[in-house]
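Participant: This is the structure I want to talk about, given as structure tokens.
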Amino acid sequence: MPDLLTFDGRIQRAKFRAWHRGTREADYMFGGFFDRYHAEWKEEELAWFEALLEEDDVDVMAWAMKTQPTPPRFQGAMIEAMQQLDFVDIPR
């Protein structure tokens with residue numbers, strides 16, 4: 001069992017939470033984003049993603065699709081990368 005207080009433990013927990021959102025669409029968006037970008041993350045980026053995981057999926061999906069304004073605390077390069085949605089790979 002990973003130590004959830006370490007950076008690696010937090011990454012493992014974030015991966016699980018990203019891929020187990022409850023709907024297939026949210027899994028692809030959160031999980032795909034995690035898979036594409038997590039290797040580059042430092043503490044600040046991981047903390048941002050952990051905070052994002054606490055938000056309602058419908059809100060985050062609206063921010064990612066730009067149908068609702070992104071709250072100031074989530075604005076920046078990370079949400080801009082998420083808004084590209086080029087990391088979503090839906091299996092056929």
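Following the order of the structure tokens, first chain is A, next is B, and so on, with residues numbered from 1 inside each chain and ligands from 1 in the order they appear.
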Which polymer residues have any atom within 12 Å of an atom of Ala62 in chain A, counting only C-alpha atoms, with same-chain residues fewer than 4 positions away left out, as an NGL selection string?

Facilitator: :A and (26 or 29 or 55-58 or 66-71 or 79 or 82-83 or 85)

Participant: DSSP on the backbone, then: every residue of chain A marked helix (DSSP H, G or I), written as a ChimeraX atom specification.

Facilitator: /A:7-19,24-40,43-53,57-64,72-74,77-84

Participant: For Ala51 in chain A, which residue among A:Ala14, A:Leu5, A:Ala77, A:Met65 is the nearest when counting only C-alpha atoms?

Facilitator: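 The closest residue to Ala51 in chain A is A:Ala14.
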
Participant: So that I can see what lies close to Glu54 in chain A, please list as a short mmCIF file (atom, residue, chain, number, x, y, z; two decimals) with all heavy atoms, in the first residue's frame the residues with an atom at most 12 Å from it, counting only C-alpha atoms and leaving out residues fewer than 4 positions away in the same chain.

Facilitator:
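Writing done, so here's selection34.cif:
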data_model
loop_
_atom_site.label_atom_id
_atom_site.label_comp_id
_atom_site.auth_asym_id
_atom_site.auth_seq_id
_atom_site.Cartn_x
_atom_site.Cartn_y
_atom_site.Cartn_z
N ALA A 14 -4.36 9.99 -7.00
CA ALA A 14 -4.96 10.86 -8.01
C ALA A 14 -5.29 10.06 -9.27
O ALA A 14 -6.34 10.27 -9.89
CB ALA A 14 -4.03 12.03 -8.33
N ARG A 17 -8.44 8.06 -8.58
CA ARG A 17 -9.61 8.95 -8.53
C ARG A 17 -9.95 9.52 -9.90
O ARG A 17 -11.13 9.74 -10.21
CB ARG A 17 -9.38 10.07 -7.53
CG ARG A 17 -9.33 9.56 -6.10
CD ARG A 17 -9.23 10.66 -5.09
NE ARG A 17 -10.46 11.44 -5.12
CZ ARG A 17 -10.53 12.72 -4.76
NH1 ARG A 17 -9.46 13.36 -4.36
NH2 ARG A 17 -11.69 13.36 -4.80
N ALA A 18 -8.94 9.75 -10.73
CA ALA A 18 -9.18 10.29 -12.07
C ALA A 18 -9.89 9.27 -12.96
O ALA A 18 -10.73 9.64 -13.78
CB ALA A 18 -7.86 10.71 -12.71
N ARG A 21 -14.42 8.02 -11.76
CA ARG A 21 -15.29 9.15 -11.47
C ARG A 21 -16.76 8.75 -11.35
O ARG A 21 -17.53 9.43 -10.71
CB ARG A 21 -15.15 10.24 -12.54
CG ARG A 21 -13.75 10.80 -12.69
CD ARG A 21 -13.21 11.40 -11.44
NE ARG A 21 -13.98 12.56 -11.02
CZ ARG A 21 -13.77 13.22 -9.90
NH1 ARG A 21 -12.83 12.85 -9.08
NH2 ARG A 21 -14.52 14.26 -9.60
N PHE A 30 -10.93 13.09 -17.06
CA PHE A 30 -10.00 13.20 -15.94
C PHE A 30 -8.83 12.23 -16.10
O PHE A 30 -7.67 12.60 -15.92
CB PHE A 30 -10.70 12.90 -14.61
CG PHE A 30 -11.55 14.01 -14.08
CD1 PHE A 30 -12.88 14.12 -14.45
CD2 PHE A 30 -11.04 14.93 -13.19
CE1 PHE A 30 -13.68 15.13 -13.95
CE2 PHE A 30 -11.83 15.95 -12.68
CZ PHE A 30 -13.16 16.05 -13.07
N ALA A 47 -1.21 19.46 -6.59
CA ALA A 47 -2.17 20.08 -5.68
C ALA A 47 -3.36 20.66 -6.45
O ALA A 47 -4.51 20.54 -6.01
CB ALA A 47 -1.48 21.16 -4.85
N TRP A 48 -3.10 21.26 -7.60
CA TRP A 48 -4.18 21.79 -8.45
C TRP A 48 -5.11 20.66 -8.88
O TRP A 48 -6.32 20.77 -8.79
CB TRP A 48 -3.57 22.48 -9.67
CG TRP A 48 -4.57 23.06 -10.62
CD1 TRP A 48 -5.06 24.34 -10.60
CD2 TRP A 48 -5.21 22.41 -11.73
NE1 TRP A 48 -5.96 24.51 -11.63
CE2 TRP A 48 -6.07 23.34 -12.33
CE3 TRP A 48 -5.14 21.13 -12.26
CZ2 TRP A 48 -6.84 23.03 -13.45
CZ3 TRP A 48 -5.91 20.82 -13.37
CH2 TRP A 48 -6.75 21.76 -13.95
N PHE A 49 -4.53 19.55 -9.35
CA PHE A 49 -5.33 18.43 -9.81
C PHE A 49 -6.10 17.80 -8.66
O PHE A 49 -7.27 17.43 -8.83
CB PHE A 49 -4.45 17.40 -10.52
CG PHE A 49 -5.22 16.35 -11.25
CD1 PHE A 49 -5.95 16.66 -12.38
CD2 PHE A 49 -5.24 15.03 -10.81
CE1 PHE A 49 -6.68 15.69 -13.08
CE2 PHE A 49 -5.95 14.06 -11.49
CZ PHE A 49 -6.67 14.39 -12.62
N GLU A 50 -5.49 17.66 -7.51
CA GLU A 50 -6.19 17.11 -6.34
C GLU A 50 -7.40 17.99 -5.99
O GLU A 50 -8.47 17.46 -5.66
CB GLU A 50 -5.25 16.99 -5.15
CG GLU A 50 -4.22 15.90 -5.30
CD GLU A 50 -3.15 15.93 -4.23
OE1 GLU A 50 -2.75 17.03 -3.78
OE2 GLU A 50 -2.69 14.84 -3.84
N VAL A 58 -19.65 17.56 -13.44
CA VAL A 58 -20.36 18.38 -14.43
C VAL A 58 -19.78 19.79 -14.50
O VAL A 58 -19.72 20.38 -15.58
CB VAL A 58 -21.88 18.42 -14.18
CG1 VAL A 58 -22.51 17.07 -14.41
CG2 VAL A 58 -22.20 18.94 -12.81
N ASP A 59 -19.32 20.31 -13.37
CA ASP A 59 -18.70 21.64 -13.37
C ASP A 59 -17.37 21.61 -14.12
O ASP A 59 -17.11 22.46 -14.97
CB ASP A 59 -18.49 22.14 -11.94
CG ASP A 59 -19.80 22.43 -11.22
OD1 ASP A 59 -20.81 22.73 -11.90
OD2 ASP A 59 -19.81 22.35 -9.99
N VAL A 60 -16.53 20.64 -13.79
CA VAL A 60 -15.21 20.55 -14.43
C VAL A 60 -15.37 20.32 -15.93
O VAL A 60 -14.66 20.92 -16.74
CB VAL A 60 -14.35 19.45 -13.79
CG1 VAL A 60 -13.02 19.31 -14.51
CG2 VAL A 60 -14.11 19.75 -12.31
#

Participant: If you measure from CA of Tyr28 in chain A to CA of Asp86 in chain A, what distance in Å do you get, rounded to one decimal?

Facilitator: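 Between CA of Tyr28 in chain A and CA of Asp86 in chain A the gap works out to 11.1 Å.
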
Participant: Write out as a JSON list (two decimals) with N, CA, C and O atoms, in the first residue's frame each polymer residue whose atoms come within 10 Å of range 37-42 of chain A, counting only C-alpha atoms; drop sequence neighbours fewer than 2 positions from it.

Facilitator:
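After the write, selection.json holds the following:
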[["chain", "number", "residue", "atom", "x", "y", "z"],
["A", 7, "PHE", "N", 4.68, 12.12, -2.31],
["A", 7, "PHE", "CA", 4.30, 12.59, -3.63],
["A", 7, "PHE", "C", 3.85, 11.41, -4.49],
["A", 7, "PHE", "O", 2.81, 11.48, -5.15],
["A", 11, "ILE", "N", 0.21, 10.73, -6.16],
["A", 11, "ILE", "CA", 0.05, 10.52, -7.61],
["A", 11, "ILE", "C", -0.79, 9.26, -7.85],
["A", 11, "ILE", "O", -1.72, 9.26, -8.67],
["A", 14, "ALA", "N", -4.36, 9.99, -7.00],
["A", 14, "ALA", "CA", -4.96, 10.86, -8.01],
["A", 14, "ALA", "C", -5.29, 10.06, -9.27],
["A", 14, "ALA", "O", -6.34, 10.27, -9.89],
["A", 15, "LYS", "N", -4.42, 9.16, -9.65],
["A", 15, "LYS", "CA", -4.69, 8.33, -10.84],
["A", 15, "LYS", "C", -5.95, 7.50, -10.63],
["A", 15, "LYS", "O", -6.82, 7.44, -11.51],
["A", 32, "GLY", "N", -7.75, 10.64, -18.83],
["A", 32, "GLY", "CA", -6.92, 10.96, -20.00],
["A", 32, "GLY", "C", -5.99, 12.12, -19.72],
["A", 32, "GLY", "O", -4.81, 12.11, -20.10],
["A", 33, "PHE", "N", -6.51, 13.15, -19.05],
["A", 33, "PHE", "CA", -5.70, 14.30, -18.67],
["A", 33, "PHE", "C", -4.57, 13.86, -17.75],
["A", 33, "PHE", "O", -3.40, 14.22, -17.95],
["A", 34, "PHE", "N", -4.91, 13.07, -16.75],
["A", 34, "PHE", "CA", -3.89, 12.56, -15.83],
["A", 34, "PHE", "C", -2.80, 11.80, -16.59],
["A", 34, "PHE", "O", -1.61, 12.06, -16.41],
["A", 35, "ASP", "N", -3.22, 10.85, -17.42],
["A", 35, "ASP", "CA", -2.25, 10.02, -18.14],
["A", 35, "ASP", "C", -1.34, 10.86, -19.02],
["A", 35, "ASP", "O", -0.14, 10.58, -19.12],
["A", 44, "GLU", "N", 2.96, 21.78, -7.11],
["A", 44, "GLU", "CA", 1.92, 22.75, -7.42],
["A", 44, "GLU", "C", 0.87, 22.18, -8.38],
["A", 44, "GLU", "O", -0.34, 22.35, -8.18],
["A", 45, "GLU", "N", 1.32, 21.49, -9.41],
["A", 45, "GLU", "CA", 0.39, 20.91, -10.38],
["A", 45, "GLU", "C", -0.42, 19.78, -9.77],
["A", 45, "GLU", "O", -1.63, 19.66, -10.03],
["A", 46, "LEU", "N", 0.22, 18.95, -8.96],
["A", 46, "LEU", "CA", -0.51, 17.87, -8.30],
["A", 46, "LEU", "C", -1.56, 18.44, -7.35],
["A", 46, "LEU", "O", -2.70, 17.96, -7.32],
["A", 47, "ALA", "N", -1.21, 19.46, -6.59],
["A", 47, "ALA", "CA", -2.17, 20.08, -5.68],
["A", 47, "ALA", "C", -3.36, 20.66, -6.45],
["A", 47, "ALA", "O", -4.51, 20.54, -6.01],
["A", 48, "TRP", "N", -3.10, 21.26, -7.60],
["A", 48, "TRP", "CA", -4.18, 21.79, -8.45],
["A", 48, "TRP", "C", -5.11, 20.66, -8.88],
["A", 48, "TRP", "O", -6.32, 20.77, -8.79],
["A", 49, "PHE", "N", -4.53, 19.55, -9.35],
["A", 49, "PHE", "CA", -5.33, 18.43, -9.81],
["A", 49, "PHE", "C", -6.10, 17.80, -8.66],
["A", 49, "PHE", "O", -7.27, 17.43, -8.83],
["A", 78, "MET", "N", -2.90, 24.86, -16.56],
["A", 78, "MET", "CA", -3.44, 23.51, -16.40],
["A", 78, "MET", "C", -4.84, 23.39, -17.00],
["A", 78, "MET", "O", -5.12, 22.45, -17.75],
["A", 81, "ALA", "N", -4.70, 23.50, -20.76],
["A", 81, "ALA", "CA", -4.33, 22.20, -21.34],
["A", 81, "ALA", "C", -5.54, 21.27, -21.33],
["A", 81, "ALA", "O", -5.79, 20.55, -22.30],
["A", 82, "MET", "N", -6.31, 21.29, -20.24],
["A", 82, "MET", "CA", -7.50, 20.45, -20.18],
["A", 82, "MET", "C", -8.51, 20.86, -21.23],
["A", 82, "MET", "O", -9.20, 20.02, -21.82],
["A", 87, "PHE", "N", -6.45, 14.97, -25.34],
["A", 87, "PHE", "CA", -5.95, 13.80, -24.61],
["A", 87, "PHE", "C", -7.02, 12.75, -24.43],
["A", 87, "PHE", "O", -6.75, 11.66, -23.94]]
